[in-house]
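J.: Got upload_28.tsv for you, TSV, C-alpha atoms and all ligand atoms:
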```tsv
chain	number	residue	atom	x	y	z
A	1	MET	CA	-20.81	-18.59	-3.86
A	2	SER	CA	-20.60	-22.25	-4.89
A	3	VAL	CA	-19.13	-25.41	-3.43
A	4	THR	CA	-18.14	-28.05	-5.97
A	5	ILE	CA	-17.11	-31.57	-4.98
A	6	LEU	CA	-15.15	-33.24	-7.78
A	7	ASP	CA	-16.68	-36.65	-7.33
A	8	HIS	CA	-14.65	-38.28	-10.11
A	9	ALA	CA	-13.60	-41.94	-10.05
A	10	LEU	CA	-9.91	-41.18	-10.69
A	11	ILE	CA	-9.82	-38.51	-7.99
A	12	GLN	CA	-11.52	-40.71	-5.41
A	13	HIS	CA	-9.18	-43.61	-6.24
A	14	LYS	CA	-6.06	-41.45	-5.84
A	15	LEU	CA	-7.40	-39.69	-2.74
A	16	THR	CA	-7.94	-43.05	-1.06
A	17	ILE	CA	-4.27	-43.88	-1.65
A	18	MET	CA	-3.33	-40.55	-0.06
A	19	ARG	CA	-5.59	-41.10	2.95
A	20	ASP	CA	-4.06	-44.52	3.72
A	21	LYS	CA	-1.69	-44.08	6.68
A	22	ASN	CA	0.68	-46.67	5.15
A	23	THR	CA	1.26	-44.58	2.01
A	24	SER	CA	4.83	-43.29	1.77
A	25	THR	CA	5.79	-39.64	1.28
A	26	TYR	CA	6.84	-40.42	-2.28
A	27	ILE	CA	3.54	-42.04	-3.28
A	28	PHE	CA	1.59	-39.35	-1.37
A	29	LYS	CA	3.23	-36.62	-3.47
A	30	GLN	CA	2.81	-38.57	-6.70
A	31	ASN	CA	-0.94	-38.91	-6.15
A	32	LEU	CA	-1.25	-35.28	-5.04
A	33	ASP	CA	0.39	-34.22	-8.33
A	34	GLU	CA	-2.03	-36.34	-10.30
A	35	ILE	CA	-5.11	-35.09	-8.43
A	36	ALA	CA	-3.89	-31.49	-8.75
A	37	LYS	CA	-3.81	-31.85	-12.54
A	38	LEU	CA	-7.36	-33.20	-12.59
A	39	MET	CA	-8.57	-30.39	-10.31
A	40	ALA	CA	-6.75	-27.76	-12.39
A	41	PHE	CA	-8.55	-29.05	-15.48
A	42	GLU	CA	-11.93	-28.58	-13.79
A	43	VAL	CA	-11.43	-25.24	-12.07
A	44	THR	CA	-10.13	-23.55	-15.23
A	45	ARG	CA	-13.08	-24.71	-17.31
A	46	HIS	CA	-14.54	-21.18	-17.55
A	47	VAL	CA	-11.39	-19.05	-17.82
A	48	SER	CA	-12.10	-16.24	-20.27
A	49	LEU	CA	-10.88	-16.70	-23.82
A	50	LYS	CA	-10.29	-14.37	-26.75
A	51	ASP	CA	-10.19	-15.05	-30.46
A	52	LYS	CA	-6.86	-15.85	-32.06
A	53	ALA	CA	-6.46	-15.88	-35.81
A	54	ILE	CA	-4.28	-18.75	-36.98
A	55	GLU	CA	-3.74	-20.83	-40.08
A	56	THR	CA	-3.95	-24.57	-39.85
A	57	PRO	CA	-2.17	-26.53	-42.60
A	58	VAL	CA	-5.60	-26.60	-44.29
A	59	CYS	CA	-7.13	-23.13	-43.89
A	60	ALA	CA	-7.35	-19.93	-41.86
A	61	MET	CA	-9.45	-20.08	-38.71
A	62	LEU	CA	-10.33	-18.17	-35.56
A	63	GLY	CA	-9.01	-20.16	-32.62
A	64	LYS	CA	-9.00	-19.25	-28.93
A	65	GLU	CA	-6.40	-18.27	-26.38
A	66	MET	CA	-6.66	-17.57	-22.66
A	67	ASP	CA	-7.45	-13.94	-21.94
A	68	GLN	CA	-6.86	-13.97	-18.19
A	69	GLN	CA	-3.72	-14.16	-16.10
A	70	ILE	CA	-3.90	-16.98	-13.58
A	71	ILE	CA	-2.09	-16.55	-10.28
A	72	LEU	CA	-1.69	-19.61	-8.09
A	73	ALA	CA	-1.57	-18.82	-4.39
A	74	PRO	CA	-0.39	-21.84	-2.38
A	75	ILE	CA	-0.77	-21.53	1.39
A	76	LEU	CA	2.60	-22.61	2.83
A	77	ARG	CA	3.58	-25.18	3.57
A	78	ALA	CA	1.20	-27.89	2.40
A	79	GLY	CA	-0.26	-25.80	-0.44
A	80	ILE	CA	3.08	-26.08	-2.23
A	81	GLY	CA	2.18	-29.70	-2.88
A	82	LEU	CA	-0.58	-28.67	-5.29
A	83	VAL	CA	1.55	-26.27	-7.33
A	84	ASP	CA	3.41	-28.73	-9.59
A	85	GLY	CA	0.22	-30.31	-10.90
A	86	PHE	CA	-1.45	-26.95	-11.53
A	87	ARG	CA	1.67	-25.60	-13.27
A	88	ASP	CA	1.85	-28.63	-15.54
A	89	ILE	CA	-1.63	-27.77	-16.81
A	90	ILE	CA	-1.27	-23.96	-16.72
A	91	PRO	CA	2.40	-23.26	-17.53
A	92	THR	CA	1.76	-19.49	-17.87
A	93	ALA	CA	0.48	-19.21	-14.29
A	94	LYS	CA	2.34	-16.92	-11.92
A	95	ILE	CA	2.76	-17.90	-8.29
A	96	GLY	CA	2.18	-15.92	-5.10
A	97	HIS	CA	3.08	-17.46	-1.76
A	98	ILE	CA	1.41	-16.95	1.58
A	99	GLY	CA	2.68	-18.58	4.76
A	100	MET	CA	0.18	-19.63	7.42
A	101	GLU	CA	0.77	-21.75	10.48
A	102	ARG	CA	-2.00	-23.01	12.72
A	103	ASP	CA	-1.39	-22.97	16.47
A	104	GLU	CA	-1.94	-26.59	17.47
A	105	GLU	CA	-3.66	-25.62	20.74
A	106	THR	CA	-5.86	-22.68	19.75
A	107	LEU	CA	-6.17	-23.63	16.03
A	108	ILE	CA	-5.75	-19.92	15.24
A	109	PRO	CA	-3.51	-19.31	12.19
A	110	ARG	CA	-0.54	-16.96	12.13
A	111	GLU	CA	0.62	-15.36	8.90
A	112	TYR	CA	4.42	-15.43	8.57
A	113	TYR	CA	5.13	-14.71	4.88
A	114	ALA	CA	3.53	-13.22	1.78
A	115	LYS	CA	4.89	-12.39	-1.65
A	116	PHE	CA	2.76	-11.93	-4.77
A	117	PRO	CA	3.29	-11.03	-8.41
A	118	LYS	CA	1.82	-7.79	-9.78
A	119	GLY	CA	-1.57	-7.83	-11.46
A	120	LEU	CA	-3.73	-9.38	-8.75
A	121	GLU	CA	-6.55	-6.92	-9.61
A	122	ASP	CA	-7.26	-8.48	-13.02
A	123	ALA	CA	-6.12	-12.04	-12.43
A	124	LEU	CA	-7.97	-15.19	-11.54
A	125	VAL	CA	-6.34	-16.07	-8.21
A	126	ILE	CA	-6.52	-19.75	-7.27
A	127	VAL	CA	-5.76	-20.29	-3.56
A	128	LEU	CA	-4.34	-23.78	-2.99
A	129	ASP	CA	-4.27	-25.79	0.23
A	130	PRO	CA	-4.86	-29.54	0.60
A	131	MET	CA	-6.78	-29.11	3.86
A	132	LEU	CA	-9.75	-26.89	4.79
A	133	ALA	CA	-10.34	-27.67	8.46
A	134	THR	CA	-11.67	-24.79	10.61
A	135	GLY	CA	-11.17	-22.52	7.59
A	136	GLY	CA	-9.05	-20.11	9.64
A	137	SER	CA	-5.94	-20.34	7.44
A	138	ALA	CA	-7.80	-20.03	4.13
A	139	ASN	CA	-9.94	-17.18	5.49
A	140	MET	CA	-6.88	-15.20	6.57
A	141	ALA	CA	-5.07	-15.90	3.28
A	142	ILE	CA	-8.07	-14.81	1.21
A	143	GLU	CA	-8.40	-11.65	3.31
A	144	ASN	CA	-4.74	-10.79	2.66
A	145	ILE	CA	-5.10	-11.43	-1.08
A	146	LYS	CA	-8.23	-9.27	-1.27
A	147	GLN	CA	-6.45	-6.45	0.54
A	148	ARG	CA	-3.81	-6.60	-2.20
A	149	GLY	CA	-6.53	-5.94	-4.78
A	150	ALA	CA	-7.65	-9.37	-6.00
A	151	LYS	CA	-11.31	-9.47	-7.06
A	152	ASN	CA	-11.65	-12.91	-8.61
A	153	ILE	CA	-10.61	-15.64	-6.17
A	154	GLN	CA	-11.23	-19.38	-6.11
A	155	LEU	CA	-10.31	-21.73	-3.28
A	156	VAL	CA	-9.15	-25.25	-4.18
A	157	CYS	CA	-8.63	-27.82	-1.42
A	158	LEU	CA	-8.33	-31.57	-1.49
A	159	VAL	CA	-10.28	-32.37	1.67
A	160	GLY	CA	-12.69	-30.04	3.43
A	161	ALA	CA	-14.68	-30.19	6.66
A	162	PRO	CA	-18.21	-28.76	6.83
A	163	GLU	CA	-16.96	-26.30	9.48
A	164	GLY	CA	-14.33	-24.89	7.10
A	165	VAL	CA	-16.70	-24.62	4.16
A	166	LYS	CA	-19.20	-22.72	6.35
A	167	ALA	CA	-16.49	-20.36	7.62
A	168	ILE	CA	-15.40	-19.45	4.07
A	169	GLN	CA	-18.96	-19.05	2.85
A	170	GLU	CA	-19.71	-16.65	5.71
A	171	ALA	CA	-16.53	-14.57	5.44
A	172	HIS	CA	-16.08	-14.68	1.65
A	173	PRO	CA	-19.37	-15.45	-0.10
A	174	ASP	CA	-17.84	-14.31	-3.41
A	175	VAL	CA	-15.23	-17.11	-3.37
A	176	ASP	CA	-16.05	-20.40	-5.11
A	177	ILE	CA	-14.77	-23.50	-3.32
A	178	THR	CA	-13.70	-26.69	-5.07
A	179	LEU	CA	-12.94	-29.86	-3.10
A	180	ALA	CA	-12.04	-33.44	-3.97
A	181	SER	CA	-13.97	-34.54	-0.88
A	182	LEU	CA	-16.23	-33.00	1.74
A	183	ASP	CA	-15.47	-35.08	4.82
A	184	GLU	CA	-17.58	-35.71	7.90
A	185	LYS	CA	-16.34	-33.42	10.65
A	186	LEU	CA	-13.42	-32.08	12.71
A	187	ASN	CA	-12.18	-34.01	15.73
A	188	GLU	CA	-11.33	-32.44	19.11
A	189	HIS	CA	-7.81	-31.60	17.84
A	190	GLY	CA	-9.10	-29.77	14.77
A	191	TYR	CA	-8.18	-32.60	12.38
A	192	ILE	CA	-10.49	-33.55	9.55
A	193	VAL	CA	-12.27	-36.91	10.00
A	194	PRO	CA	-11.59	-39.20	8.20
A	195	GLY	CA	-9.15	-36.80	6.49
A	196	LEU	CA	-5.59	-37.79	5.70
A	197	GLY	CA	-3.75	-36.58	8.78
A	198	ASP	CA	-1.31	-33.67	8.71
A	199	ALA	CA	-0.90	-32.86	5.02
A	200	GLY	CA	2.32	-30.86	5.47
A	201	ASP	CA	3.99	-33.58	7.52
A	202	ARG	CA	2.97	-36.33	5.11
A	203	LEU	CA	4.08	-34.29	2.11
A	204	PHE	CA	7.46	-33.30	3.48
A	205	GLY	CA	8.16	-36.27	5.77
A	206	THR	CA	8.36	-34.14	8.91
A	207	ASP	CA	6.20	-36.16	11.28
A	301	LIG	C1	-2.61	-27.04	7.69
A	301	LIG	C2	-3.21	-27.04	6.29
A	301	LIG	C3	-3.97	-25.75	6.26
A	301	LIG	C4	-4.45	-25.64	7.69
A	301	LIG	C5	-5.90	-26.01	7.73
A	301	LIG	O1	-1.50	-26.24	7.74
A	301	LIG	O2	-2.26	-27.15	5.28
A	301	LIG	O3	-3.18	-24.63	5.91
A	301	LIG	O4	-3.68	-26.54	8.48
A	301	LIG	O5	-6.42	-25.80	9.00
A	301	LIG	P1	-7.50	-24.65	9.29
A	301	LIG	O6	-8.52	-24.72	8.20
A	301	LIG	O7	-8.06	-25.04	10.62
A	301	LIG	O8	-6.80	-23.33	9.34
A	301	LIG	P2	-0.57	-26.14	9.05
A	301	LIG	O9	-0.97	-24.96	9.87
A	301	LIG	O10	-0.51	-27.46	9.72
A	301	LIG	O11	0.83	-25.74	8.44
A	301	LIG	P3	1.78	-26.53	7.42
A	301	LIG	O12	1.14	-26.47	6.06
A	301	LIG	O13	3.04	-25.74	7.49
A	301	LIG	O14	1.96	-27.95	7.92
A	302	LIG	N1	-4.39	-29.55	8.79
A	302	LIG	C1	-4.03	-30.77	8.30
A	302	LIG	O1	-2.95	-30.92	7.71
A	302	LIG	N2	-4.88	-31.80	8.48
A	302	LIG	C2	-6.06	-31.66	9.10
A	302	LIG	O2	-6.81	-32.65	9.21
A	302	LIG	C3	-6.41	-30.40	9.61
A	302	LIG	C4	-5.57	-29.36	9.43
```
Show me the file's structure as structure tokens.

T.:
Amino acid sequence: MSVTILDHALIQHKLTIMRDKNTSTYIFKQNLDEIAKLMAFEVTRHVSLKDKAIETPVCAMLGKEMDQQIILAPILRAGIGLVDGFRDIIPTAKIGHIGMERDEETLIPREYYAKFPKGLEDALVIVLDPMLATGGSANMAIENIKQRGAKNIQLVCLVGAPEGVKAIQEAHPDVDITLASLDEKLNEHGYIVPGLGDAGDRLFGTD
């Protein structure tokens, strides 16, 4: 449906730190946490609310409370890096995990794990992955989540390539995409340019 680029000064500042090849694993994760909180704030802007009667110290009033279960769905491994920040902002969120690994030669993803909480049908499911390259991993994850009954899915990635955005829009036109940056292109190895390298390796120190 829509593609939103969160072109916010704080996000671009922190993303630049993450992109820098000299940034350590520790600082990489710290900035990812901070960006995740800012992205969580934006993508939950229109979560449905219901009235809640309360009394302030001054008078009775009708306040609001969230009326929708949020399920975070990080794509393993690198998607785990976005979970802490989202959970800080949405402590009632439940978490479903889906494991995807891209073959480095063919770039075709392989699903190796999936476990989700009940209630996908009525929840807002936010799929999390720092990188949207060819879109193969996110496409397969979204397909799996839809087959489990989810109807309201958003995809949140840090850095996307035009190729990945197009692939999601074609396969899942009902899924809104939010990015911190839409980068230039993919290189011949399927890496996003300029990108930030291998997000999982940089996050977990496995390079
Ligand atoms: C990375 C990244 C995405 C995927 C993006 O994961 O975290 O899941 O590649 O590429 P695509 O859009 O072309 O599918 P990777 O397969 O490297 O696994 P990892 O998270 O375990 O490092
Ligand atoms: N996966 C990554 O971690 N980085 C890329 O640039 C592409 C896929």

J.: Could you give me the residues within 8 Å of ligand LIG 301 (chain A), counting only C-alpha atoms and all ligand atoms, as a PDB file with C-alpha atoms, in the coordinates of the input?

T.:
```pdb
ATOM      1  CA  ILE A  75      -0.770 -21.530   1.390  1.00  0.00           C
ATOM      2  CA  LEU A  76       2.600 -22.610   2.830  1.00  0.00           C
ATOM      3  CA  ARG A  77       3.580 -25.180   3.570  1.00  0.00           C
ATOM      4  CA  ALA A  78       1.200 -27.890   2.400  1.00  0.00           C
ATOM      5  CA  GLY A  79      -0.260 -25.800  -0.440  1.00  0.00           C
ATOM      6  CA  GLY A  99       2.680 -18.580   4.760  1.00  0.00           C
ATOM      7  CA  MET A 100       0.180 -19.630   7.420  1.00  0.00           C
ATOM      8  CA  GLU A 101       0.770 -21.750  10.480  1.00  0.00           C
ATOM      9  CA  ARG A 102      -2.000 -23.010  12.720  1.00  0.00           C
ATOM     10  CA  ASP A 103      -1.390 -22.970  16.470  1.00  0.00           C
ATOM     11  CA  GLU A 104      -1.940 -26.590  17.470  1.00  0.00           C
ATOM     12  CA  LEU A 107      -6.170 -23.630  16.030  1.00  0.00           C
ATOM     13  CA  ILE A 108      -5.750 -19.920  15.240  1.00  0.00           C
ATOM     14  CA  PRO A 109      -3.510 -19.310  12.190  1.00  0.00           C
ATOM     15  CA  ASP A 129      -4.270 -25.790   0.230  1.00  0.00           C
ATOM     16  CA  PRO A 130      -4.860 -29.540   0.600  1.00  0.00           C
ATOM     17  CA  MET A 131      -6.780 -29.110   3.860  1.00  0.00           C
ATOM     18  CA  LEU A 132      -9.750 -26.890   4.790  1.00  0.00           C
ATOM     19  CA  ALA A 133     -10.340 -27.670   8.460  1.00  0.00           C
ATOM     20  CA  THR A 134     -11.670 -24.790  10.610  1.00  0.00           C
ATOM     21  CA  GLY A 135     -11.170 -22.520   7.590  1.00  0.00           C
ATOM     22  CA  GLY A 136      -9.050 -20.110   9.640  1.00  0.00           C
ATOM     23  CA  SER A 137      -5.940 -20.340   7.440  1.00  0.00           C
ATOM     24  CA  ALA A 138      -7.800 -20.030   4.130  1.00  0.00           C
ATOM     25  CA  ASN A 139      -9.940 -17.180   5.490  1.00  0.00           C
ATOM     26  CA  GLY A 164     -14.330 -24.890   7.100  1.00  0.00           C
ATOM     27  CA  GLY A 190      -9.100 -29.770  14.770  1.00  0.00           C
ATOM     28  CA  TYR A 191      -8.180 -32.600  12.380  1.00  0.00           C
ATOM     29  CA  ASP A 198      -1.310 -33.670   8.710  1.00  0.00           C
ATOM     30  CA  ALA A 199      -0.900 -32.860   5.020  1.00  0.00           C
ATOM     31  CA  GLY A 200       2.320 -30.860   5.470  1.00  0.00           C
ATOM     32  CA  ASP A 201       3.990 -33.580   7.520  1.00  0.00           C
TER      33      ASP A 201
END
```

J.: Do you have the CA of Asp33 in chain A-CA of Leu158 in chain A distance handy?

T.: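 Here the two named atoms are 11.4 Å from each other.
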
J.: Which is closest to Tyr113 in chain A among A:Ala141, A:Val125, A:Ile95, A:Ile70, if we use only C-alpha atoms?

T.: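 For Tyr113 in chain A, the nearest of the given residues is A:Ala141.
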
J.: To one decimal place, how far is CA of Phe116 in chain A from CA of Asn152 in chain A in Å?

T.: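 Distance between the two atoms: 14.9 Å.
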
J.: For Ile17 in chain A, please output as number ranges by chain all residues within 9 Å (counting all atoms listed in the file; exclusion window: fewer than 4 positions along the same chain).

T.: A: 12-13, 21-23, 27-28, 31

J.: When you count only C-alpha atoms, which of these residues is closest to Ala161 in chain A: A:Leu196, A:Ile142, A:Val175, A:Met18?

T.: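 Among the listed residues, the smallest separation from Ala161 in chain A belongs to A:Leu196.
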
J.: If we count all atoms listed in the file, what is near Leu82 in chain A at a cut-off of 7 Å, once residues fewer than 4 positions away on the same chain are taken out, given as a list in words?

T.: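 Selected residues are Leu32, Asp33, Ala36, Phe86 and Leu128 of chain A.
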
J.: Using all atoms listed in the file, which residue out of A:Arg19, A:Thr92, A:Ala180, A:Leu10 lies closest to ligand LIG 302 (chain A)?

T.: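 Among A:Arg19, A:Thr92, A:Ala180, A:Leu10, it is A:Arg19 that comes nearest to ligand LIG 302 (chain A).
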
J.: Which residue out of A:Leu62, A:Cys157, A:Leu72, A:Ile80 has the minimum interatomic distance to Leu120 in chain A when all atoms listed in the file are used?

T.: A:Leu72
